[in-house]
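Below is the file start05.csv, which contains CSV, C-alpha atoms and all ligand atoms.
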chain,number,residue,atom,x,y,z
L,26,GLU,CA,0.0,0.0,0.0
L,27,ALA,CA,2.8,2.5,1.0
L,28,LEU,CA,4.5,1.6,-2.3
L,29,LEU,CA,1.5,1.4,-4.5
L,30,SER,CA,-0.3,4.6,-3.7
L,31,PRO,CA,2.6,6.9,-4.9
L,32,ILE,CA,2.4,5.0,-8.2
L,33,TYR,CA,-1.4,5.5,-8.4
L,34,GLN,CA,-1.0,9.2,-7.5
L,35,ALA,CA,1.8,9.9,-10.0
L,36,ILE,CA,-0.2,8.5,-12.8
L,37,LEU,CA,-3.3,10.4,-11.8
L,38,GLU,CA,-1.3,13.6,-11.7
L,39,GLY,CA,0.4,12.7,-15.0
L,40,ASN,CA,3.9,13.0,-13.4
L,41,GLN,CA,6.2,10.9,-15.5
L,42,SER,CA,9.3,11.1,-13.3
L,43,ALA,CA,7.4,10.5,-10.1
L,44,ALA,CA,5.7,7.5,-11.8
L,45,ARG,CA,9.1,6.1,-12.8
L,46,GLU,CA,10.6,6.6,-9.4
L,47,ALA,CA,7.6,5.1,-7.6
L,48,VAL,CA,7.6,2.0,-9.9
L,49,GLN,CA,11.3,1.6,-9.4
L,50,ARG,CA,11.0,1.7,-5.6
L,51,ALA,CA,8.2,-0.9,-5.7
L,52,LEU,CA,10.3,-3.2,-7.9
L,53,GLU,CA,13.3,-2.7,-5.6
L,54,ALA,CA,11.0,-3.8,-2.7
L,55,SER,CA,10.3,-7.0,-4.8
L,56,LEU,CA,6.7,-6.2,-5.6
L,57,GLU,CA,5.5,-8.3,-8.6
L,58,ALA,CA,5.1,-6.4,-11.9
L,59,GLU,CA,1.6,-7.8,-12.1
L,60,VAL,CA,0.7,-6.5,-8.7
L,61,ILE,CA,2.0,-3.1,-9.6
L,62,LEU,CA,0.0,-3.1,-12.8
L,63,LYS,CA,-3.3,-4.4,-11.5
L,64,GLN,CA,-3.4,-2.8,-8.1
L,65,ALA,CA,-1.9,0.7,-8.9
L,66,MET,CA,-1.5,1.5,-12.5
L,67,MET,CA,-4.8,0.2,-14.0
L,68,PRO,CA,-6.9,1.6,-11.2
L,69,ALA,CA,-5.2,5.0,-11.8
L,70,MET,CA,-6.2,5.0,-15.4
L,71,GLN,CA,-9.7,3.9,-14.5
L,72,GLU,CA,-9.9,6.9,-12.2
L,73,VAL,CA,-8.6,9.2,-14.9
L,74,GLY,CA,-11.4,7.9,-17.2
L,75,ARG,CA,-13.9,8.6,-14.4
L,76,LEU,CA,-12.6,12.1,-13.9
L,77,PHE,CA,-12.8,12.7,-17.6
L,78,GLU,CA,-16.4,11.5,-17.7
L,79,GLU,CA,-17.2,13.8,-14.8
L,80,GLY,CA,-15.7,16.8,-16.6
L,81,GLU,CA,-13.0,17.3,-14.1
L,82,TYR,CA,-10.2,16.1,-16.4
L,83,PHE,CA,-9.8,17.0,-20.1
L,84,VAL,CA,-7.9,15.5,-22.9
L,85,PRO,CA,-4.5,17.0,-21.8
L,86,GLU,CA,-4.8,15.5,-18.4
L,87,MET,CA,-5.7,12.1,-19.9
L,88,LEU,CA,-2.7,12.4,-22.2
L,89,VAL,CA,-0.1,13.2,-19.5
L,90,ALA,CA,-1.6,10.4,-17.3
L,91,ALA,CA,-1.2,8.0,-20.3
L,92,ARG,CA,2.5,9.1,-20.7
L,93,ALA,CA,3.1,8.5,-17.0
L,94,MET,CA,1.5,5.1,-17.2
L,95,GLN,CA,3.6,4.2,-20.3
L,96,ALA,CA,6.8,5.4,-18.5
L,97,GLY,CA,6.0,3.1,-15.6
L,98,MET,CA,5.1,0.2,-18.0
L,99,ASN,CA,8.5,0.5,-19.7
L,100,LEU,CA,10.2,-0.3,-16.3
L,101,LEU,CA,7.9,-3.3,-15.9
L,102,LYS,CA,8.6,-4.6,-19.4
L,103,PRO,CA,11.7,-6.7,-18.6
L,104,ARG,CA,9.8,-8.4,-15.8
L,105,LEU,CA,6.8,-9.1,-18.0
L,106,VAL,CA,8.8,-10.2,-21.0
L,107,GLN,CA,10.9,-13.1,-20.0
L,108,ALA,CA,11.1,-14.5,-23.5
L,109,GLU,CA,11.2,-18.2,-24.0
L,110,VAL,CA,13.6,-19.6,-26.6
L,111,THR,CA,11.3,-21.0,-29.3
L,112,SER,CA,8.8,-18.8,-31.0
L,113,SER,CA,5.1,-19.4,-30.3
L,114,GLY,CA,4.2,-17.6,-33.6
L,115,LYS,CA,4.0,-14.2,-35.3
L,116,VAL,CA,1.4,-11.7,-34.3
L,117,VAL,CA,0.5,-8.5,-36.2
L,118,ALA,CA,-0.9,-6.1,-33.6
L,119,GLY,CA,-2.4,-2.6,-33.7
L,120,THR,CA,-5.1,-0.2,-32.6
L,121,VAL,CA,-7.6,0.2,-35.4
L,122,LYS,CA,-8.1,3.2,-37.6
L,123,GLY,CA,-9.2,6.4,-36.0
L,124,ASP,CA,-8.2,5.2,-32.5
L,125,LEU,CA,-5.1,6.6,-30.7
L,126,HIS,CA,-5.4,4.6,-27.5
L,127,ASP,CA,-2.4,2.3,-27.2
L,128,ILE,CA,-1.8,1.5,-23.5
L,129,GLY,CA,-3.9,-1.7,-23.5
L,130,LYS,CA,-2.5,-2.8,-26.9
L,131,ASN,CA,1.0,-2.2,-25.6
L,132,LEU,CA,0.3,-4.3,-22.6
L,133,VAL,CA,-1.1,-7.1,-24.7
L,134,CYS,CA,2.0,-7.0,-26.9
L,135,MET,CA,4.3,-7.1,-23.9
L,136,MET,CA,2.5,-10.1,-22.4
L,137,LEU,CA,2.5,-11.9,-25.8
L,138,GLU,CA,6.2,-11.2,-26.1
L,139,GLY,CA,6.6,-12.7,-22.7
L,140,ALA,CA,4.9,-15.8,-24.0
L,141,ALA,CA,7.5,-15.9,-26.9
L,142,PHE,CA,5.3,-14.6,-29.6
L,143,GLU,CA,7.0,-12.4,-32.2
L,144,ILE,CA,5.2,-9.1,-32.4
L,145,ILE,CA,4.8,-6.8,-35.4
L,146,ASP,CA,3.3,-3.8,-33.7
L,147,LEU,CA,1.8,-1.4,-36.2
L,148,GLY,CA,1.0,1.2,-33.6
L,149,THR,CA,-2.2,3.2,-33.5
L,150,ASP,CA,-4.7,4.5,-36.0
L,151,VAL,CA,-3.9,1.6,-38.3
L,152,PRO,CA,-6.1,1.4,-41.5
L,153,PRO,CA,-7.3,-2.1,-42.6
L,154,GLU,CA,-4.9,-2.1,-45.6
L,155,LYS,CA,-1.9,-1.7,-43.3
L,156,PHE,CA,-2.9,-4.9,-41.4
L,157,VAL,CA,-3.3,-6.7,-44.8
L,158,GLU,CA,0.2,-5.6,-45.9
L,159,ALA,CA,1.8,-6.6,-42.6
L,160,VAL,CA,0.1,-10.1,-42.7
L,161,GLU,CA,1.3,-10.5,-46.3
L,162,SER,CA,4.8,-9.5,-45.7
L,163,SER,CA,5.3,-11.3,-42.4
L,164,GLY,CA,3.3,-14.4,-42.8
L,165,ALA,CA,1.8,-13.9,-39.3
L,166,GLN,CA,-0.6,-16.5,-38.0
L,167,LEU,CA,-2.5,-14.1,-35.8
L,168,VAL,CA,-3.9,-10.5,-36.0
L,169,ALA,CA,-4.6,-8.7,-32.7
L,170,LEU,CA,-6.9,-5.7,-33.0
L,171,SER,CA,-7.5,-3.2,-30.2
L,172,ALA,CA,-10.2,-0.5,-30.0
L,173,LEU,CA,-11.1,1.8,-27.1
L,174,LEU,CA,-13.8,3.9,-28.7
L,175,THR,CA,-17.3,2.8,-29.6
L,176,THR,CA,-16.9,4.8,-32.8
L,177,THR,CA,-13.8,2.9,-34.0
L,178,MET,CA,-15.1,-0.6,-33.2
L,179,PRO,CA,-16.6,-0.9,-36.7
L,180,HIS,CA,-13.1,-0.7,-38.1
L,181,MET,CA,-12.4,-4.1,-36.6
L,182,LYS,CA,-15.0,-5.5,-38.8
L,183,GLN,CA,-13.6,-3.6,-41.8
L,184,THR,CA,-10.2,-5.0,-41.1
L,185,ILE,CA,-11.5,-8.6,-41.0
L,186,GLU,CA,-13.3,-7.9,-44.3
L,187,ALA,CA,-10.1,-6.5,-45.8
L,188,LEU,CA,-8.2,-9.7,-44.8
L,189,GLN,CA,-11.0,-11.7,-46.4
L,190,GLN,CA,-10.9,-9.7,-49.6
L,191,ALA,CA,-7.1,-10.1,-49.8
L,192,GLY,CA,-7.6,-13.9,-49.6
L,193,LEU,CA,-5.7,-14.0,-46.3
L,194,ARG,CA,-8.6,-14.9,-43.9
L,195,GLN,CA,-8.0,-18.6,-44.0
L,196,GLN,CA,-4.4,-18.3,-43.0
L,197,VAL,CA,-4.7,-15.9,-40.0
L,198,LYS,CA,-6.7,-16.0,-36.8
L,199,VAL,CA,-8.1,-12.6,-35.6
L,200,MET,CA,-8.5,-11.7,-32.0
L,201,VAL,CA,-10.1,-8.5,-30.7
L,202,GLY,CA,-10.1,-6.6,-27.4
L,203,GLY,CA,-10.4,-3.3,-25.7
L,204,ALA,CA,-12.7,-1.8,-23.1
L,205,PRO,CA,-15.9,-1.4,-25.3
L,206,VAL,CA,-15.4,-4.8,-27.1
L,207,THR,CA,-17.4,-7.8,-26.1
L,208,GLU,CA,-17.6,-11.5,-26.8
L,209,THR,CA,-20.9,-11.0,-28.6
L,210,PHE,CA,-19.4,-8.2,-30.8
L,211,ALA,CA,-16.4,-10.4,-31.6
L,212,ARG,CA,-18.7,-13.1,-32.8
L,213,GLN,CA,-20.9,-10.7,-34.8
L,214,ILE,CA,-17.9,-9.4,-36.8
L,215,GLY,CA,-16.5,-12.8,-37.4
L,216,ALA,CA,-13.4,-12.6,-35.2
L,217,ASP,CA,-11.9,-15.9,-33.9
L,218,GLY,CA,-11.8,-14.7,-30.4
L,219,TYR,CA,-12.1,-12.0,-27.7
L,220,ALA,CA,-10.1,-11.4,-24.6
L,221,PRO,CA,-11.1,-9.0,-21.8
L,222,ASP,CA,-7.5,-8.4,-20.6
L,223,ALA,CA,-3.9,-8.9,-21.4
L,224,SER,CA,-3.3,-12.2,-19.6
L,225,ARG,CA,-6.4,-13.8,-21.1
L,226,ALA,CA,-5.2,-12.4,-24.5
L,227,VAL,CA,-2.1,-14.6,-24.1
L,228,ALA,CA,-4.2,-17.7,-23.3
L,229,LEU,CA,-6.4,-17.0,-26.2
L,230,ALA,CA,-3.5,-16.4,-28.6
L,231,LYS,CA,-2.0,-19.8,-27.5
L,232,SER,CA,-5.3,-21.6,-28.0
L,233,LEU,CA,-5.7,-20.0,-31.5
L,234,VAL,CA,-2.3,-20.7,-32.9
L,235,GLY,CA,-0.7,-23.1,-30.5
L,301,LIG,CO1,-9.6,8.4,-24.3
L,301,LIG,N1,-11.4,7.7,-24.0
L,301,LIG,N2,-10.3,9.6,-25.7
L,301,LIG,N3,-7.8,9.1,-24.3
L,301,LIG,N4,-9.3,7.4,-22.7
L,301,LIG,C1,-11.6,6.6,-23.1
L,301,LIG,C2,-11.4,5.2,-23.8
L,301,LIG,C3,-13.0,6.8,-22.5
L,301,LIG,C4,-13.7,5.5,-22.0
L,301,LIG,C5,-13.0,7.9,-21.4
L,301,LIG,C6,-14.3,8.1,-20.8
L,301,LIG,O1,-15.1,8.8,-21.3
L,301,LIG,N5,-14.6,7.5,-19.6
L,301,LIG,C7,-13.7,7.5,-23.8
L,301,LIG,C8,-14.4,6.5,-24.8
L,301,LIG,C9,-15.9,6.5,-24.8
L,301,LIG,C10,-16.4,5.5,-25.7
L,301,LIG,O2,-16.2,5.5,-26.9
L,301,LIG,N6,-17.1,4.6,-25.2
L,301,LIG,C11,-12.6,8.2,-24.4
L,301,LIG,C12,-12.7,9.3,-25.3
L,301,LIG,C13,-14.1,9.8,-25.5
L,301,LIG,C14,-11.6,9.9,-25.9
L,301,LIG,C15,-11.6,11.1,-26.9
L,301,LIG,C16,-12.7,11.0,-28.0
L,301,LIG,C17,-11.7,12.4,-26.1
L,301,LIG,C18,-11.9,13.6,-26.9
L,301,LIG,O3,-11.0,14.0,-27.7
L,301,LIG,N7,-12.9,14.3,-26.7
L,301,LIG,C19,-10.2,11.0,-27.6
L,301,LIG,C20,-10.2,10.1,-28.8
L,301,LIG,C21,-8.9,10.1,-29.5
L,301,LIG,C22,-8.8,9.0,-30.5
L,301,LIG,O4,-8.4,7.9,-30.2
L,301,LIG,N8,-9.0,9.3,-31.8
L,301,LIG,C23,-9.5,10.3,-26.5
L,301,LIG,C24,-8.1,10.5,-26.3
L,301,LIG,C25,-7.4,9.9,-25.3
L,301,LIG,C26,-5.9,10.2,-25.0
L,301,LIG,C27,-5.1,10.3,-26.4
L,301,LIG,C28,-5.8,11.6,-24.4
L,301,LIG,C29,-5.5,9.1,-24.0
L,301,LIG,C30,-4.8,7.9,-24.7
L,301,LIG,C31,-3.3,7.9,-24.8
L,301,LIG,C32,-2.7,6.6,-25.1
L,301,LIG,O5,-3.3,5.6,-25.1
L,301,LIG,N9,-1.4,6.7,-25.5
L,301,LIG,C33,-6.8,8.6,-23.5
L,301,LIG,C34,-7.0,7.8,-22.3
L,301,LIG,C35,-5.7,7.6,-21.5
L,301,LIG,C36,-8.2,7.2,-22.0
L,301,LIG,C37,-8.5,6.4,-20.7
L,301,LIG,C38,-8.6,7.4,-19.5
L,301,LIG,C39,-7.6,5.3,-20.3
L,301,LIG,C40,-7.4,4.2,-21.4
L,301,LIG,C41,-6.3,3.3,-20.9
L,301,LIG,O6,-5.2,3.4,-21.3
L,301,LIG,N10,-6.6,2.3,-20.0
L,301,LIG,C42,-9.9,5.8,-21.1
L,301,LIG,C43,-10.8,5.6,-19.9
L,301,LIG,C44,-10.9,4.2,-19.4
L,301,LIG,O7,-10.5,3.2,-20.1
L,301,LIG,N11,-11.4,4.0,-18.2
L,301,LIG,C45,-10.4,6.7,-22.2
L,301,LIG,C46,-5.7,1.4,-19.4
L,301,LIG,C47,-5.5,0.2,-20.3
L,301,LIG,C48,-4.5,-0.8,-19.6
L,301,LIG,O8,-6.7,-0.5,-20.4
L,301,LIG,O9,-6.9,0.1,-22.8
L,301,LIG,O10,-8.8,-1.0,-21.6
L,301,LIG,P1,-7.4,-0.8,-21.8
L,301,LIG,O11,-6.8,-2.2,-22.1
L,301,LIG,C49,-7.1,-3.4,-21.4
L,301,LIG,C50,-8.2,-4.2,-22.0
L,301,LIG,O12,-9.2,-3.4,-22.6
L,301,LIG,C51,-7.6,-5.2,-22.8
L,301,LIG,O13,-6.4,-5.5,-22.2
L,301,LIG,C52,-5.9,-4.3,-21.6
L,301,LIG,C53,-5.2,-4.7,-20.3
L,301,LIG,O14,-6.1,-5.4,-19.4
L,301,LIG,N12,-7.3,-5.0,-24.2
L,301,LIG,C54,-7.2,-6.0,-25.1
L,301,LIG,C55,-7.0,-3.9,-24.9
L,301,LIG,N13,-6.8,-4.1,-26.2
L,301,LIG,C56,-6.9,-5.5,-26.3
L,301,LIG,C57,-6.7,-6.3,-27.4
L,301,LIG,C58,-6.8,-7.7,-27.2
L,301,LIG,C59,-7.2,-8.2,-26.0
L,301,LIG,C60,-7.4,-7.4,-24.9
L,301,LIG,O15,-6.7,-8.6,-28.2
L,301,LIG,C61,-6.2,-8.1,-29.4
I need this file expressed as structure tokens, please.
Amino acid sequence: EALLSPIYQAILEGNQSAAREAVQRALEASLEAEVILKQAMMPAMQEVGRLFEEGEYFVPEMLVAARAMQAGMNLLKPRLVQAEVTSSGKVVAGTVKGDLHDIGKNLVCMMLEGAAFEIIDLGTDVPPEKFVEAVESSGAQLVALSALLTTTMPHMKQTIEALQQAGLRQQVKVMVGGAPVTETFARQIGADGYAPDASRAVALAKSLVG
């Protein structure tokens, strides 16, 4: 608690250096990366979202909070990514067109990397054709799509359709996730799977291509 609340606070305030220092202290005190993530960092972003909804925070506050969270996550990465030797498969990952949210996607990528998947991370605001190109050039077995906005969820469907039109749908599995995404939606758009969080995304990826 004494180690976690400064992390929570630093993210809430969007203070990158304080976030880094607090995460460093927690790691030095042997707290598990997953505990730091789940008990301090994610709740902080949850609260940032709530404050934004209430009109107390605006986009700039959300943005600095996101940067502080990313700064902390970078320190956790080596702990989350203890790559195994043999590759589990190649994954093309990205946040869909029109959507700039990347923290959840980055977390999913880190955990997949930790499970020995090779990640081709296309970043944010990725149009369907970019996913198609990346699958063609990499021969990936899995596409991981993230969306955080209800308005960008339809681009998941468009991406799946673009893969179909390019004749690639048979050779890749598609998994989807992000706060507004549901199992039902995933089924409706013809995705192969949905995961509600990063650790279940790993389990799903393994079951889809393992
Ligand atoms: Co925005 N934003 N945002 N935002 N933002 C939300 C998503 C929102 C819910 C806030 C709110 O109103 N409460 C709301 C969306 C409403 C809706 O559509 N339902 C919202 C809005 C409205 C907006 C703007 C439109 C605001 C504006 O401009 N007026 C704008 C849109 C910009 C755009 O994308 N075009 C905007 C902008 C931004 C920032 C850029 C400032 C910033 C993002 C910075 C960044 O990512 N680099 C930001 C942030 C930080 C948030 C909140 C506060 C936090 C998101 C986050 O990082 N969460 C968010 C509120 C919230 O989520 N409570 C909010 C932490 C992260 C670890 O969780 O991403 O859910 P999450 O990922 C989870 C799971 O979802 C899952 O695993 C992860 C780990 O467990 N998961 C997957 C994610 N992807 C997956 C993929 C998988 C499997 C699992 O398989 C492939």
**Request:** Check every protein, DNA and RNA residue against ligand LIG 301 (chain L), keep those with an atom at most 7 Å away (counting only C-alpha atoms and all ligand atoms), and present them as a PyMOL selection string.
**Result:** chain L and resi 67+70-75+77-78+84-85+87-88+90-92+123-130+132-133+169-176+200-205+219-223+226
**Request:** Please indicate the distance in Å from atom CA of L:Thr149 to atom CA of L:Gly119, rounded to one decimal place.
**Result:** 5.8 Å
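In this structure, atom CA of L:Gly148 sits 14.5 Å away from atom CA of L:Val160.
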Excluding stretch 53-58 of chain L and residues on its chain fewer than 3 positions from it, collect all residues at most 6 Å away from it, counting all atoms listed in the file, and give them as a PDB file with C-alpha atoms, in the frame of the given file.
ATOM      1  CA  ARG L  50      11.000   1.700  -5.600  1.00  0.00           C
ATOM      2  CA  ILE L  61       2.000  -3.100  -9.600  1.00  0.00           C
ATOM      3  CA  LEU L 101       7.900  -3.300 -15.900  1.00  0.00           C
TER       4      LEU L 101
END
**Request:** Would you list the residues near (8.2, -1.3, -10.9), meaning any protein, DNA or RNA residue with an atom at most 6 Å from that point in file coordinates, counting all atoms listed in the file, as a ChimeraX atom specification?
**Result:** /L:48-49,51-52,100-101
Same residues, C-alpha atoms, output as a PDB file, in the frame of the given file:
ATOM      1  CA  VAL L  48       7.600   2.000  -9.900  1.00  0.00           C
ATOM      2  CA  GLN L  49      11.300   1.600  -9.400  1.00  0.00           C
ATOM      3  CA  ALA L  51       8.200  -0.900  -5.700  1.00  0.00           C
ATOM      4  CA  LEU L  52      10.300  -3.200  -7.900  1.00  0.00           C
ATOM      5  CA  LEU L 100      10.200  -0.300 -16.300  1.00  0.00           C
ATOM      6  CA  LEU L 101       7.900  -3.300 -15.900  1.00  0.00           C
TER       7      LEU L 101
END
**Residues within 12 Å of L:Ser163, all atoms listed in the file, excluding chain neighbours under 5 positions, as a ChimeraX atom specification** = /L:114-118,143-146,156-158,168,193,196-197
**Item:** atom CA of L:Phe142 to atom CA of L:Ala165, straight-line distance in Å
**Value:** 10.3 Å
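With all atoms listed in the file as the atoms that count, the residue of L:Lys182, L:Ser162, L:Pro103, L:Glu59 with the shortest distance to L:Ala211 is L:Lys182.
Between L:Ala43 and the residues L:Gly97, L:Val234, L:Met66, L:Gln189, the shortest atom-to-atom distance, using only C-alpha atoms, involves L:Gly97.
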